[in-house]
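Data block for target03.cif (mmCIF, C-alpha atoms):
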```cif
data_coords
#
loop_
_atom_site.group_PDB
_atom_site.id
_atom_site.type_symbol
_atom_site.label_atom_id
_atom_site.label_comp_id
_atom_site.auth_asym_id
_atom_site.auth_seq_id
_atom_site.Cartn_x
_atom_site.Cartn_y
_atom_site.Cartn_z
ATOM 1 C CA MET A 1 -1.552 -56.070 99.614
ATOM 2 C CA SER A 2 -4.954 -54.428 100.035
ATOM 3 C CA LEU A 3 -8.049 -55.580 98.185
ATOM 4 C CA ASP A 4 -8.303 -52.265 96.350
ATOM 5 C CA LEU A 5 -4.716 -52.560 95.140
ATOM 6 C CA VAL A 6 -5.395 -56.066 93.806
ATOM 7 C CA GLN A 7 -8.468 -54.706 92.065
ATOM 8 C CA MET A 8 -6.444 -51.882 90.502
ATOM 9 C CA VAL A 9 -3.817 -54.321 89.184
ATOM 10 C CA LEU A 10 -6.464 -56.654 87.728
ATOM 11 C CA PHE A 11 -8.230 -53.640 86.222
ATOM 12 C CA THR A 12 -5.093 -52.541 84.356
ATOM 13 C CA ILE A 13 -4.394 -56.114 83.211
ATOM 14 C CA VAL A 14 -7.870 -56.350 81.683
ATOM 15 C CA THR A 15 -7.509 -53.021 79.869
ATOM 16 C CA ALA A 16 -4.059 -53.959 78.545
ATOM 17 C CA SER A 17 -5.424 -57.302 77.312
ATOM 18 C CA THR A 18 -8.489 -55.921 75.521
ATOM 19 C CA PRO A 19 -6.932 -54.839 72.168
ATOM 20 C CA LEU A 20 -5.185 -58.192 71.858
ATOM 21 C CA LEU A 21 -8.354 -60.066 72.730
ATOM 22 C CA LEU A 22 -10.338 -58.210 70.057
ATOM 23 C CA ALA A 23 -7.764 -58.718 67.293
ATOM 24 C CA ALA A 24 -6.892 -62.314 68.200
ATOM 25 C CA THR A 25 -10.546 -63.414 68.395
ATOM 26 C CA GLY A 26 -11.198 -62.104 64.886
ATOM 27 C CA GLU A 27 -8.031 -63.759 63.588
ATOM 28 C CA LEU A 28 -9.039 -67.055 65.196
ATOM 29 C CA VAL A 29 -12.307 -67.049 63.240
ATOM 30 C CA ALA A 30 -10.470 -66.308 59.976
ATOM 31 C CA GLU A 31 -7.910 -69.046 60.597
ATOM 32 C CA ARG A 32 -10.601 -71.529 61.610
ATOM 33 C CA ALA A 33 -12.016 -70.903 58.114
ATOM 34 C CA GLY A 34 -8.600 -71.694 56.626
ATOM 35 C CA VAL A 35 -7.342 -68.154 55.912
ATOM 36 C CA LEU A 36 -4.021 -66.993 57.352
ATOM 37 C CA ASN A 37 -4.236 -63.211 57.593
ATOM 38 C CA LEU A 38 -0.850 -61.683 58.399
ATOM 39 C CA GLY A 39 -2.231 -58.189 57.837
ATOM 40 C CA VAL A 40 -3.653 -57.861 61.364
ATOM 41 C CA GLU A 41 -0.986 -55.344 62.421
ATOM 42 C CA GLY A 42 -1.800 -53.085 59.452
ATOM 43 C CA MET A 43 -5.541 -53.332 60.123
ATOM 44 C CA MET A 44 -5.069 -52.481 63.793
ATOM 45 C CA VAL A 45 -2.904 -49.434 63.190
ATOM 46 C CA LEU A 46 -5.188 -48.098 60.446
ATOM 47 C CA GLY A 47 -8.171 -48.626 62.767
ATOM 48 C CA ALA A 48 -6.340 -46.645 65.448
ATOM 49 C CA ALA A 49 -5.568 -43.755 63.091
ATOM 50 C CA LEU A 50 -8.937 -43.542 61.367
ATOM 51 C CA GLY A 51 -10.821 -44.103 64.624
ATOM 52 C CA PHE A 52 -8.970 -41.265 66.330
ATOM 53 C CA ALA A 53 -9.418 -38.921 63.348
ATOM 54 C CA ALA A 54 -13.145 -39.663 63.141
ATOM 55 C CA ALA A 55 -13.585 -39.213 66.898
ATOM 56 C CA VAL A 56 -11.795 -35.858 66.884
ATOM 57 C CA GLU A 57 -13.765 -34.538 63.902
ATOM 58 C CA SER A 58 -17.150 -35.770 65.130
ATOM 59 C CA GLY A 59 -16.583 -35.455 68.860
ATOM 60 C CA SER A 60 -18.014 -38.945 69.306
ATOM 61 C CA THR A 61 -16.178 -42.027 70.587
ATOM 62 C CA LEU A 62 -18.848 -44.254 69.030
ATOM 63 C CA VAL A 63 -18.251 -42.736 65.588
ATOM 64 C CA GLY A 64 -14.523 -43.253 66.104
ATOM 65 C CA ALA A 65 -15.026 -46.897 67.031
ATOM 66 C CA LEU A 66 -17.230 -47.474 63.968
ATOM 67 C CA ALA A 67 -14.637 -45.776 61.772
ATOM 68 C CA GLY A 68 -11.960 -48.080 63.193
ATOM 69 C CA ILE A 69 -14.103 -51.123 62.415
ATOM 70 C CA ALA A 70 -14.743 -49.820 58.899
ATOM 71 C CA ALA A 71 -11.002 -49.298 58.329
ATOM 72 C CA GLY A 72 -10.274 -52.880 59.363
ATOM 73 C CA ILE A 73 -13.053 -54.235 57.150
ATOM 74 C CA ALA A 74 -11.824 -52.186 54.163
ATOM 75 C CA LEU A 75 -8.299 -53.587 54.407
ATOM 76 C CA ALA A 76 -9.703 -57.066 55.027
ATOM 77 C CA GLY A 77 -11.858 -56.685 51.909
ATOM 78 C CA LEU A 78 -8.743 -55.955 49.871
ATOM 79 C CA PHE A 79 -7.004 -58.943 51.430
ATOM 80 C CA ALA A 80 -10.008 -61.142 50.596
ATOM 81 C CA LEU A 81 -10.048 -59.893 47.007
ATOM 82 C CA LEU A 82 -6.405 -60.904 46.597
ATOM 83 C CA THR A 83 -6.441 -64.240 48.412
ATOM 84 C CA ILE A 84 -9.990 -65.527 47.916
ATOM 85 C CA GLY A 85 -11.007 -63.826 44.674
ATOM 86 C CA LEU A 86 -7.655 -63.929 42.852
ATOM 87 C CA ALA A 87 -6.126 -66.886 44.739
ATOM 88 C CA ALA A 88 -2.960 -64.943 45.619
ATOM 89 C CA ASN A 89 -0.525 -66.257 48.223
ATOM 90 C CA GLN A 90 -1.933 -65.531 51.696
ATOM 91 C CA VAL A 91 1.406 -64.929 53.407
ATOM 92 C CA ALA A 92 2.673 -62.442 50.823
ATOM 93 C CA SER A 93 -0.690 -60.666 50.631
ATOM 94 C CA GLY A 94 -0.919 -60.360 54.412
ATOM 95 C CA LEU A 95 2.555 -58.889 54.707
ATOM 96 C CA ALA A 96 1.755 -56.428 51.919
ATOM 97 C CA LEU A 97 -1.435 -55.386 53.728
ATOM 98 C CA THR A 98 0.520 -54.738 56.919
ATOM 99 C CA ILE A 99 2.898 -52.426 55.055
ATOM 100 C CA LEU A 100 -0.048 -50.728 53.342
ATOM 101 C CA GLY A 101 -1.865 -50.241 56.650
ATOM 102 C CA LEU A 102 1.178 -48.697 58.299
ATOM 103 C CA GLY A 103 1.595 -46.320 55.366
ATOM 104 C CA LEU A 104 -2.058 -45.305 55.237
ATOM 105 C CA SER A 105 -2.181 -44.775 59.001
ATOM 106 C CA GLY A 106 0.750 -42.373 58.741
ATOM 107 C CA LEU A 107 -1.065 -40.474 56.008
ATOM 108 C CA VAL A 108 -4.440 -40.355 57.802
ATOM 109 C CA GLY A 109 -2.947 -39.612 61.204
ATOM 110 C CA ALA A 110 -0.411 -36.966 60.194
ATOM 111 C CA PRO A 111 -2.648 -33.964 61.059
ATOM 112 C CA TYR A 112 -3.473 -35.476 64.479
ATOM 113 C CA ILE A 113 -0.004 -36.268 65.850
ATOM 114 C CA GLY A 114 0.268 -34.944 69.387
ATOM 115 C CA LEU A 115 -3.446 -34.269 69.779
ATOM 116 C CA LYS A 116 -5.236 -35.724 72.773
ATOM 117 C CA ARG A 117 -8.866 -36.297 73.543
ATOM 118 C CA GLU A 118 -10.860 -37.490 76.503
ATOM 119 C CA ALA A 119 -10.774 -41.252 76.941
ATOM 120 C CA ALA A 120 -13.870 -43.367 76.393
ATOM 121 C CA PRO A 121 -16.134 -43.040 79.445
ATOM 122 C CA HIS A 122 -16.259 -45.797 82.027
ATOM 123 C CA LEU A 123 -19.431 -47.384 83.288
ATOM 124 C CA HIS A 124 -20.543 -46.299 86.733
ATOM 125 C CA LEU A 125 -23.462 -47.971 88.459
ATOM 126 C CA PRO A 126 -24.419 -46.588 91.868
ATOM 127 C CA LEU A 127 -23.512 -49.020 94.670
ATOM 128 C CA LEU A 128 -22.300 -51.771 92.282
ATOM 129 C CA SER A 129 -19.284 -49.837 90.932
ATOM 130 C CA ASP A 130 -18.302 -48.930 94.498
ATOM 131 C CA LEU A 131 -18.269 -52.514 95.782
ATOM 132 C CA PRO A 132 -14.923 -53.288 97.458
ATOM 133 C CA GLY A 133 -12.662 -55.670 95.571
ATOM 134 C CA ILE A 134 -14.646 -56.252 92.379
ATOM 135 C CA GLY A 135 -16.849 -53.178 91.915
ATOM 136 C CA ARG A 136 -14.670 -51.197 89.522
ATOM 137 C CA LEU A 137 -13.247 -54.342 87.905
ATOM 138 C CA VAL A 138 -16.682 -55.702 86.939
ATOM 139 C CA PHE A 139 -18.893 -52.609 86.776
ATOM 140 C CA GLY A 140 -16.399 -49.832 85.993
ATOM 141 C CA GLN A 141 -14.895 -50.725 82.606
ATOM 142 C CA ASP A 142 -15.372 -48.835 79.343
ATOM 143 C CA ALA A 143 -17.635 -50.107 76.557
ATOM 144 C CA PHE A 144 -14.743 -51.643 74.594
ATOM 145 C CA VAL A 145 -13.984 -54.104 77.403
ATOM 146 C CA TYR A 146 -17.589 -55.271 77.622
ATOM 147 C CA ALA A 147 -17.728 -55.510 73.817
ATOM 148 C CA ALA A 148 -14.627 -57.742 73.874
ATOM 149 C CA ALA A 149 -16.218 -60.004 76.497
ATOM 150 C CA LEU A 150 -19.437 -60.275 74.484
ATOM 151 C CA LEU A 151 -17.428 -60.909 71.323
ATOM 152 C CA VAL A 152 -15.558 -63.830 72.886
ATOM 153 C CA ALA A 153 -18.770 -65.354 74.240
ATOM 154 C CA GLY A 154 -20.576 -64.895 70.912
ATOM 155 C CA VAL A 155 -17.728 -66.422 68.889
ATOM 156 C CA TRP A 156 -17.531 -69.401 71.268
ATOM 157 C CA VAL A 157 -21.257 -70.072 70.898
ATOM 158 C CA PHE A 158 -21.072 -69.623 67.124
ATOM 159 C CA LEU A 159 -18.058 -71.879 66.521
ATOM 160 C CA TRP A 160 -18.873 -74.702 68.901
ATOM 161 C CA ARG A 161 -22.645 -74.608 69.328
ATOM 162 C CA THR A 162 -24.111 -73.795 65.892
ATOM 163 C CA ARG A 163 -24.282 -75.578 62.545
ATOM 164 C CA ALA A 164 -22.862 -72.529 60.776
ATOM 165 C CA GLY A 165 -19.837 -72.617 63.080
ATOM 166 C CA LEU A 166 -19.407 -76.329 62.430
ATOM 167 C CA ALA A 167 -19.476 -75.630 58.674
ATOM 168 C CA LEU A 168 -16.848 -72.904 59.063
ATOM 169 C CA ARG A 169 -14.524 -75.204 61.003
ATOM 170 C CA ALA A 170 -15.070 -77.985 58.461
ATOM 171 C CA ILE A 171 -14.109 -75.625 55.635
ATOM 172 C CA GLY A 172 -10.926 -74.751 57.488
ATOM 173 C CA ASP A 173 -10.076 -78.422 57.863
ATOM 174 C CA ASP A 174 -10.880 -79.606 54.326
ATOM 175 C CA HIS A 175 -12.059 -77.021 51.819
ATOM 176 C CA ALA A 176 -12.172 -79.490 48.894
ATOM 177 C CA ALA A 177 -14.444 -81.968 50.667
ATOM 178 C CA THR A 178 -16.784 -79.287 52.001
ATOM 179 C CA HIS A 179 -17.005 -77.731 48.537
ATOM 180 C CA GLY A 180 -17.998 -81.164 47.224
ATOM 181 C CA LEU A 181 -20.758 -81.265 49.840
ATOM 182 C CA GLY A 182 -22.135 -77.971 48.537
ATOM 183 C CA LEU A 183 -20.885 -75.580 51.197
ATOM 184 C CA PRO A 184 -20.019 -72.062 49.918
ATOM 185 C CA VAL A 185 -16.304 -72.138 50.765
ATOM 186 C CA ARG A 186 -15.317 -68.772 49.316
ATOM 187 C CA ARG A 187 -18.353 -66.952 50.734
ATOM 188 C CA VAL A 188 -17.733 -68.317 54.229
ATOM 189 C CA ARG A 189 -14.048 -67.407 54.041
ATOM 190 C CA LEU A 190 -14.910 -63.905 52.808
ATOM 191 C CA LEU A 191 -17.238 -63.312 55.764
ATOM 192 C CA ALA A 192 -14.670 -64.743 58.204
ATOM 193 C CA VAL A 193 -11.922 -62.471 56.841
ATOM 194 C CA LEU A 194 -14.163 -59.387 56.991
ATOM 195 C CA PHE A 195 -15.148 -60.262 60.552
ATOM 196 C CA GLY A 196 -11.498 -60.627 61.517
ATOM 197 C CA GLY A 197 -10.660 -57.283 59.900
ATOM 198 C CA GLY A 198 -13.454 -55.535 61.770
ATOM 199 C CA CYS A 199 -12.239 -56.987 65.081
ATOM 200 C CA ALA A 200 -8.650 -55.884 64.346
ATOM 201 C CA GLY A 201 -9.855 -52.379 63.469
ATOM 202 C CA LEU A 202 -11.846 -52.197 66.705
ATOM 203 C CA GLY A 203 -8.788 -53.342 68.653
ATOM 204 C CA GLY A 204 -6.756 -50.556 67.095
ATOM 205 C CA ALA A 205 -9.489 -47.997 67.786
ATOM 206 C CA TYR A 206 -9.481 -49.068 71.441
ATOM 207 C CA LEU A 207 -5.831 -48.090 71.688
ATOM 208 C CA SER A 208 -6.326 -44.541 70.416
ATOM 209 C CA LEU A 209 -9.750 -43.895 71.953
ATOM 210 C CA ALA A 210 -9.560 -45.551 75.384
ATOM 211 C CA TYR A 211 -6.224 -47.118 76.352
ATOM 212 C CA THR A 212 -4.006 -44.148 75.414
ATOM 213 C CA PRO A 213 -6.382 -41.495 74.000
ATOM 214 C CA PHE A 214 -4.035 -39.921 71.490
ATOM 215 C CA TRP A 215 -2.574 -40.807 68.132
ATOM 216 C CA ALA A 216 1.092 -41.612 67.501
ATOM 217 C CA PRO A 217 2.550 -43.360 64.444
ATOM 218 C CA ALA A 218 2.838 -47.159 64.821
ATOM 219 C CA MET A 219 1.190 -46.944 68.244
ATOM 220 C CA THR A 220 0.049 -50.585 68.031
ATOM 221 C CA ALA A 221 3.713 -51.503 68.769
ATOM 222 C CA GLY A 222 3.485 -54.993 67.286
ATOM 223 C CA ARG A 223 0.241 -56.019 69.000
ATOM 224 C CA GLY A 224 -1.076 -57.337 65.682
ATOM 225 C CA TRP A 225 1.829 -59.784 65.492
ATOM 226 C CA ILE A 226 1.285 -60.798 69.113
ATOM 227 C CA ALA A 227 -2.388 -61.437 68.310
ATOM 228 C CA LEU A 228 -1.293 -63.765 65.509
ATOM 229 C CA ALA A 229 1.062 -65.569 67.885
ATOM 230 C CA LEU A 230 -1.682 -65.861 70.501
ATOM 231 C CA VAL A 231 -3.903 -67.778 68.098
ATOM 232 C CA VAL A 232 -1.122 -70.357 67.716
ATOM 233 C CA PHE A 233 -0.378 -70.261 71.450
ATOM 234 C CA ALA A 234 -4.054 -70.971 72.069
ATOM 235 C CA SER A 235 -4.120 -73.954 69.680
ATOM 236 C CA TRP A 236 -7.023 -72.221 67.913
ATOM 237 C CA ARG A 237 -9.161 -72.437 71.091
ATOM 238 C CA LEU A 238 -10.866 -69.449 72.648
ATOM 239 C CA GLY A 239 -10.312 -70.294 76.303
ATOM 240 C CA ARG A 240 -6.547 -70.502 75.840
ATOM 241 C CA LEU A 241 -6.623 -67.357 73.726
ATOM 242 C CA VAL A 242 -8.211 -65.402 76.588
ATOM 243 C CA ALA A 243 -5.563 -66.760 78.977
ATOM 244 C CA GLY A 244 -2.802 -65.732 76.573
ATOM 245 C CA ALA A 245 -4.192 -62.213 76.202
ATOM 246 C CA LEU A 246 -4.340 -61.847 79.991
ATOM 247 C CA LEU A 247 -0.771 -63.127 80.233
ATOM 248 C CA PHE A 248 0.393 -60.448 77.812
ATOM 249 C CA GLY A 249 -1.629 -57.817 79.687
ATOM 250 C CA GLY A 250 -0.125 -58.938 82.986
ATOM 251 C CA ALA A 251 3.402 -58.746 81.577
ATOM 252 C CA THR A 252 2.645 -55.279 80.201
ATOM 253 C CA VAL A 253 1.456 -54.038 83.583
ATOM 254 C CA LEU A 254 4.442 -55.667 85.283
ATOM 255 C CA GLN A 255 6.955 -53.879 83.060
ATOM 256 C CA LEU A 256 5.180 -50.551 83.627
ATOM 257 C CA HIS A 257 5.373 -51.006 87.396
ATOM 258 C CA ALA A 258 9.010 -52.087 87.094
ATOM 259 C CA GLN A 259 9.859 -48.921 85.175
ATOM 260 C CA ALA A 260 7.974 -46.781 87.708
ATOM 261 C CA ALA A 261 9.886 -48.458 90.550
ATOM 262 C CA GLY A 262 13.185 -47.540 88.916
ATOM 263 C CA ILE A 263 14.560 -51.078 88.584
ATOM 264 C CA GLY A 264 18.093 -50.850 87.265
ATOM 265 C CA LEU A 265 17.378 -52.285 83.833
ATOM 266 C CA PRO A 266 17.233 -50.396 80.527
ATOM 267 C CA GLY A 267 13.734 -49.211 79.642
ATOM 268 C CA GLN A 268 13.958 -50.951 76.278
ATOM 269 C CA ALA A 269 14.573 -54.300 77.996
ATOM 270 C CA LEU A 270 11.574 -53.808 80.286
ATOM 271 C CA SER A 271 9.402 -52.768 77.331
ATOM 272 C CA ALA A 272 10.295 -56.045 75.602
ATOM 273 C CA LEU A 273 9.139 -58.084 78.623
ATOM 274 C CA PRO A 274 5.514 -58.672 77.423
ATOM 275 C CA TYR A 275 6.711 -59.876 74.048
ATOM 276 C CA LEU A 276 9.355 -62.141 75.573
ATOM 277 C CA ALA A 277 6.804 -63.611 77.975
ATOM 278 C CA THR A 278 4.416 -64.350 75.109
ATOM 279 C CA ILE A 279 7.146 -65.938 72.994
ATOM 280 C CA LEU A 280 8.336 -68.027 75.952
ATOM 281 C CA ALA A 281 4.807 -69.273 76.603
ATOM 282 C CA LEU A 282 4.411 -70.070 72.910
ATOM 283 C CA VAL A 283 7.636 -72.100 72.862
ATOM 284 C CA ILE A 284 6.754 -74.005 76.036
ATOM 285 C CA LEU A 285 3.308 -74.868 74.726
ATOM 286 C CA SER A 286 4.724 -75.951 71.368
ATOM 287 C CA LEU A 287 7.177 -78.280 73.108
ATOM 288 C CA GLY A 288 4.400 -79.690 75.252
ATOM 289 C CA ARG A 289 2.196 -80.684 72.356
ATOM 290 C CA ARG A 290 4.912 -81.819 69.956
ATOM 291 C CA ALA A 291 4.041 -85.472 70.546
ATOM 292 C CA GLY A 292 0.410 -84.889 69.623
ATOM 293 C CA GLY A 293 1.130 -83.289 66.253
ATOM 294 C CA SER A 294 -0.204 -79.998 64.897
ATOM 295 C CA THR A 295 -3.651 -78.790 65.957
ATOM 296 C CA ALA A 296 -3.907 -76.172 63.205
ATOM 297 C CA PRO A 297 -6.807 -76.304 60.740
ATOM 298 C CA ALA A 298 -5.630 -78.647 57.974
ATOM 299 C CA SER A 299 -6.370 -76.185 55.146
ATOM 300 C CA LEU A 300 -4.892 -73.145 56.899
ATOM 301 C CA GLY A 301 -3.008 -70.954 54.433
ATOM 302 C CA ARG A 302 -3.934 -73.096 51.422
ATOM 303 C CA VAL A 303 -5.520 -71.319 48.467
ATOM 304 C CA PHE A 304 -8.877 -72.687 47.339
ATOM 305 C CA ILE A 305 -9.658 -72.698 43.619
ATOM 306 C CA PRO A 306 -13.046 -74.272 42.861
ATOM 307 C CA PRO A 307 -12.974 -76.864 40.057
ATOM 308 C CA ARG A 308 -14.662 -75.786 36.842
#
```

Would you mind writing the file out in structure tokens?
Amino acid sequence: MSLDLVQMVLFTIVTASTPLLLAATGELVAERAGVLNLGVEGMMVLGAALGFAAAVESGSTLVGALAGIAAGIALAGLFALLTIGLAANQVASGLALTILGLGLSGLVGAPYIGLKREAAPHLHLPLLSDLPGIGRLVFGQDAFVYAAALLVAGVWVFLWRTRAGLALRAIGDDHAATHGLGLPVRRVRLLAVLFGGGCAGLGGAYLSLAYTPFWAPAMTAGRGWIALALVVFASWRLGRLVAGALLFGGATVLQLHAQAAGIGLPGQALSALPYLATILALVILSLGRRAGGSTAPASLGRVFIPPR
């Protein structure tokens, strides 16, 4: 296998992993704060629809990306109002938000079904982008990929190297004790949920603006649910989350190549390969850490009502 072919395969794996990485990183922050947001799928698909609509109307990919982020934040704000402000059940509220997002995306995207636009431009640096082996992989991606890399690095520094990140993780582990110490539990959770919504919206916008630059109903194809599973698969740790996203991207690329090669399996079975691979990895990891007990934040999914 030539070096350029290896580079092309790695390039496609990275692009296939990017929407998952964006959505899962935001969800990890929300869950580290103790909020289980099952509305990621709805936020991603609404971000894809609104991002594509805004990009078509404005002619700007940047405006589309910002619109996708805004869509995710808007749905996340509604989720936060229900679960943090009104202390509603997080699981039921998240599922309702997913259904709402799918419905709104169909409404917003209806006039744009079948339309295509030029994909987000890729970086090209003279000499560097033409380097054999790694040039296009490192210096030839679109802005979304670099944004995802910066996001992961920034979240890692924030969660594990700052006092604010320590406070957020402490709130996720014991919201009653941290409230007693004077930490603003509901404010921190609100910001974490909004951040997660914005990341999910950006992940959806990446799909319709860069990965497959067109809009189709439900084009996220369950990536929001996979992002939720990846957070568990990663044991709420960023390094494992990145590995899981790359695993899903690799399985996606593999099934595409298998279909192109005409392997004698139904297309539906090959399309399910990335999801099966992720579920298999999740099960294996769960079996491996069964003896050590759960590593989830202790207050994850529990409603916080401050004492009066």

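Distances from A:Gly165, A:Gly222, A:Gly182, A:Pro217 to Ala30 in chain A were compared using all atoms listed in the file, and the smallest one belongs to A:Gly165.
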
Closest-contact table, range 55-139 of chain A side, partner range 32-42 of chain A, 12 Å, counting all atoms listed in the file, as JSON lines:
```
{"residue": "A:Gly68", "atom": "CA", "partner": "A:Gly42", "partner_atom": "CA", "distance": 11.9}
{"residue": "A:Ala71", "atom": "CA", "partner": "A:Gly42", "partner_atom": "CA", "distance": 10.0}
{"residue": "A:Gly72", "atom": "CA", "partner": "A:Gly42", "partner_atom": "CA", "distance": 8.5}
{"residue": "A:Ile73", "atom": "CA", "partner": "A:Val40", "partner_atom": "CA", "distance": 10.9}
{"residue": "A:Ala74", "atom": "CA", "partner": "A:Gly42", "partner_atom": "CA", "distance": 11.4}
{"residue": "A:Leu75", "atom": "CA", "partner": "A:Gly42", "partner_atom": "CA", "distance": 8.2}
{"residue": "A:Ala76", "atom": "CA", "partner": "A:Gly39", "partner_atom": "CA", "distance": 8.1}
{"residue": "A:Gly77", "atom": "CA", "partner": "A:Gly39", "partner_atom": "CA", "distance": 11.4}
{"residue": "A:Leu78", "atom": "CA", "partner": "A:Gly39", "partner_atom": "CA", "distance": 10.5}
{"residue": "A:Phe79", "atom": "CA", "partner": "A:Asn37", "partner_atom": "CA", "distance": 8.0}
{"residue": "A:Ala80", "atom": "CA", "partner": "A:Val35", "partner_atom": "CA", "distance": 9.2}
{"residue": "A:Leu82", "atom": "CA", "partner": "A:Asn37", "partner_atom": "CA", "distance": 11.4}
{"residue": "A:Thr83", "atom": "CA", "partner": "A:Val35", "partner_atom": "CA", "distance": 8.5}
{"residue": "A:Ile84", "atom": "CA", "partner": "A:Val35", "partner_atom": "CA", "distance": 8.8}
{"residue": "A:Ala87", "atom": "CA", "partner": "A:Val35", "partner_atom": "CA", "distance": 11.3}
{"residue": "A:Ala88", "atom": "CA", "partner": "A:Val35", "partner_atom": "CA", "distance": 11.6}
{"residue": "A:Asn89", "atom": "CA", "partner": "A:Leu36", "partner_atom": "CA", "distance": 9.8}
{"residue": "A:Gln90", "atom": "CA", "partner": "A:Leu36", "partner_atom": "CA", "distance": 6.2}
{"residue": "A:Val91", "atom": "CA", "partner": "A:Leu38", "partner_atom": "CA", "distance": 6.4}
{"residue": "A:Ala92", "atom": "CA", "partner": "A:Leu38", "partner_atom": "CA", "distance": 8.4}
{"residue": "A:Ser93", "atom": "CA", "partner": "A:Gly39", "partner_atom": "CA", "distance": 7.8}
{"residue": "A:Gly94", "atom": "CA", "partner": "A:Leu38", "partner_atom": "CA", "distance": 4.2}
{"residue": "A:Leu95", "atom": "CA", "partner": "A:Leu38", "partner_atom": "CA", "distance": 5.7}
{"residue": "A:Ala96", "atom": "CA", "partner": "A:Gly39", "partner_atom": "CA", "distance": 7.3}
{"residue": "A:Leu97", "atom": "CA", "partner": "A:Gly39", "partner_atom": "CA", "distance": 5.0}
{"residue": "A:Thr98", "atom": "CA", "partner": "A:Gly42", "partner_atom": "CA", "distance": 3.8}
{"residue": "A:Ile99", "atom": "CA", "partner": "A:Gly42", "partner_atom": "CA", "distance": 6.5}
{"residue": "A:Leu100", "atom": "CA", "partner": "A:Gly42", "partner_atom": "CA", "distance": 6.8}
{"residue": "A:Gly101", "atom": "CA", "partner": "A:Gly42", "partner_atom": "CA", "distance": 4.0}
{"residue": "A:Leu102", "atom": "CA", "partner": "A:Gly42", "partner_atom": "CA", "distance": 5.4}
{"residue": "A:Gly103", "atom": "CA", "partner": "A:Gly42", "partner_atom": "CA", "distance": 8.6}
{"residue": "A:Leu104", "atom": "CA", "partner": "A:Gly42", "partner_atom": "CA", "distance": 8.9}
{"residue": "A:Ser105", "atom": "CA", "partner": "A:Gly42", "partner_atom": "CA", "distance": 8.3}
{"residue": "A:Gly106", "atom": "CA", "partner": "A:Gly42", "partner_atom": "CA", "distance": 11.0}
```

Can you build me a table of range 228-280 of chain A residues sitting at most 9 Å from range 18-28 of chain A, with the closest atom pair per residue and its distance in Å to one decimal, using all atoms listed in the file, sorted by chain and residue number, as a tab-separated table?
```
residue	atom	partner	partner_atom	distance
A:Leu228	CA	A:Ala24	CA	6.4
A:Ala229	CA	A:Ala24	CA	8.6
A:Leu230	CA	A:Ala24	CA	6.7
A:Val231	CA	A:Leu28	CA	5.9
A:Val232	CA	A:Leu28	CA	8.9
A:Trp236	CA	A:Leu28	CA	6.2
A:Arg237	CA	A:Leu28	CA	8.0
A:Leu238	CA	A:Thr25	CA	7.4
A:Leu241	CA	A:Ala24	CA	7.5
A:Val242	CA	A:Leu21	CA	6.6
A:Gly244	CA	A:Leu21	CA	8.8
A:Ala245	CA	A:Leu21	CA	5.8
A:Leu246	CA	A:Leu21	CA	8.5
A:Phe248	CA	A:Leu20	CA	8.5
A:Gly249	CA	A:Thr18	CA	8.2
```

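The two atoms in question, CA of Val6 in chain A and CA of Val253 in chain A, are spaced 12.5 Å apart.
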
Give me the range 149-241 of chain A side of the contact with range 133-142 of chain A, cut-off 12 Å, one line per residue showing its nearest atom pair and distance in Å at one decimal, counting all atoms listed in the file, sorted by chain and residue number, as JSON lines.
```
{"residue": "A:Ala149", "atom": "CA", "partner": "A:Gln141", "partner_atom": "CA", "distance": 11.2}
{"residue": "A:Tyr206", "atom": "CA", "partner": "A:Asp142", "partner_atom": "CA", "distance": 9.9}
{"residue": "A:Leu209", "atom": "CA", "partner": "A:Asp142", "partner_atom": "CA", "distance": 10.5}
{"residue": "A:Ala210", "atom": "CA", "partner": "A:Asp142", "partner_atom": "CA", "distance": 7.8}
{"residue": "A:Tyr211", "atom": "CA", "partner": "A:Asp142", "partner_atom": "CA", "distance": 9.8}
```

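When the PyMOL selection byres ((chain A and resi 51) around 7) is evaluated on the file shown here, the picked residues come out as Gly47, Ala48, Ala49, Leu50, Phe52, Ala53, Ala54, Ala55, Gly64, Ala65, Ala67, Gly68 and Ala205 of chain A.
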
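Between Ala269 in chain A and the candidates A:Val9, A:Leu151, A:Ser235, A:Gln255, the tightest atom-to-atom separation, counting only C-alpha atoms, involves A:Gln255.
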
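Among the candidate residues A:Gly224, A:Pro126, A:Gly154, A:Pro274, the one lying nearest to Met44 in chain A is A:Gly224, with distances computed using all atoms listed in the file.
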
(Q) Using the chain letters and numbers from this file, what does the PyMOL selection byres ((chain A and resi 115) around 9) select? Give the answer as a count of residues only. (A) 11

Q.
Once the PyMOL selection byres ((chain A and resi 184) around 12) is applied to the coordinates I shared, what remains selected? I want it as an MDAnalysis selection string.
A. chainID A and resid 33 164 167:168 170:171 175:183 185:191 304 306

Next, the residues of the selection above should be written as a compact mmCIF listing (two decimals), in the frame of the given file with C-alpha atoms.
```txt
# COMPACT_ATOMS: atom_id res chain seq x y z
CA ALA A 33 -12.02 -70.90 58.11
CA ALA A 164 -22.86 -72.53 60.78
CA ALA A 167 -19.48 -75.63 58.67
CA LEU A 168 -16.85 -72.90 59.06
CA ALA A 170 -15.07 -77.98 58.46
CA ILE A 171 -14.11 -75.62 55.64
CA HIS A 175 -12.06 -77.02 51.82
CA ALA A 176 -12.17 -79.49 48.89
CA ALA A 177 -14.44 -81.97 50.67
CA THR A 178 -16.78 -79.29 52.00
CA HIS A 179 -17.00 -77.73 48.54
CA GLY A 180 -18.00 -81.16 47.22
CA LEU A 181 -20.76 -81.26 49.84
CA GLY A 182 -22.14 -77.97 48.54
CA LEU A 183 -20.88 -75.58 51.20
CA VAL A 185 -16.30 -72.14 50.76
CA ARG A 186 -15.32 -68.77 49.32
CA ARG A 187 -18.35 -66.95 50.73
CA VAL A 188 -17.73 -68.32 54.23
CA ARG A 189 -14.05 -67.41 54.04
CA LEU A 190 -14.91 -63.90 52.81
CA LEU A 191 -17.24 -63.31 55.76
CA PHE A 304 -8.88 -72.69 47.34
CA PRO A 306 -13.05 -74.27 42.86
```
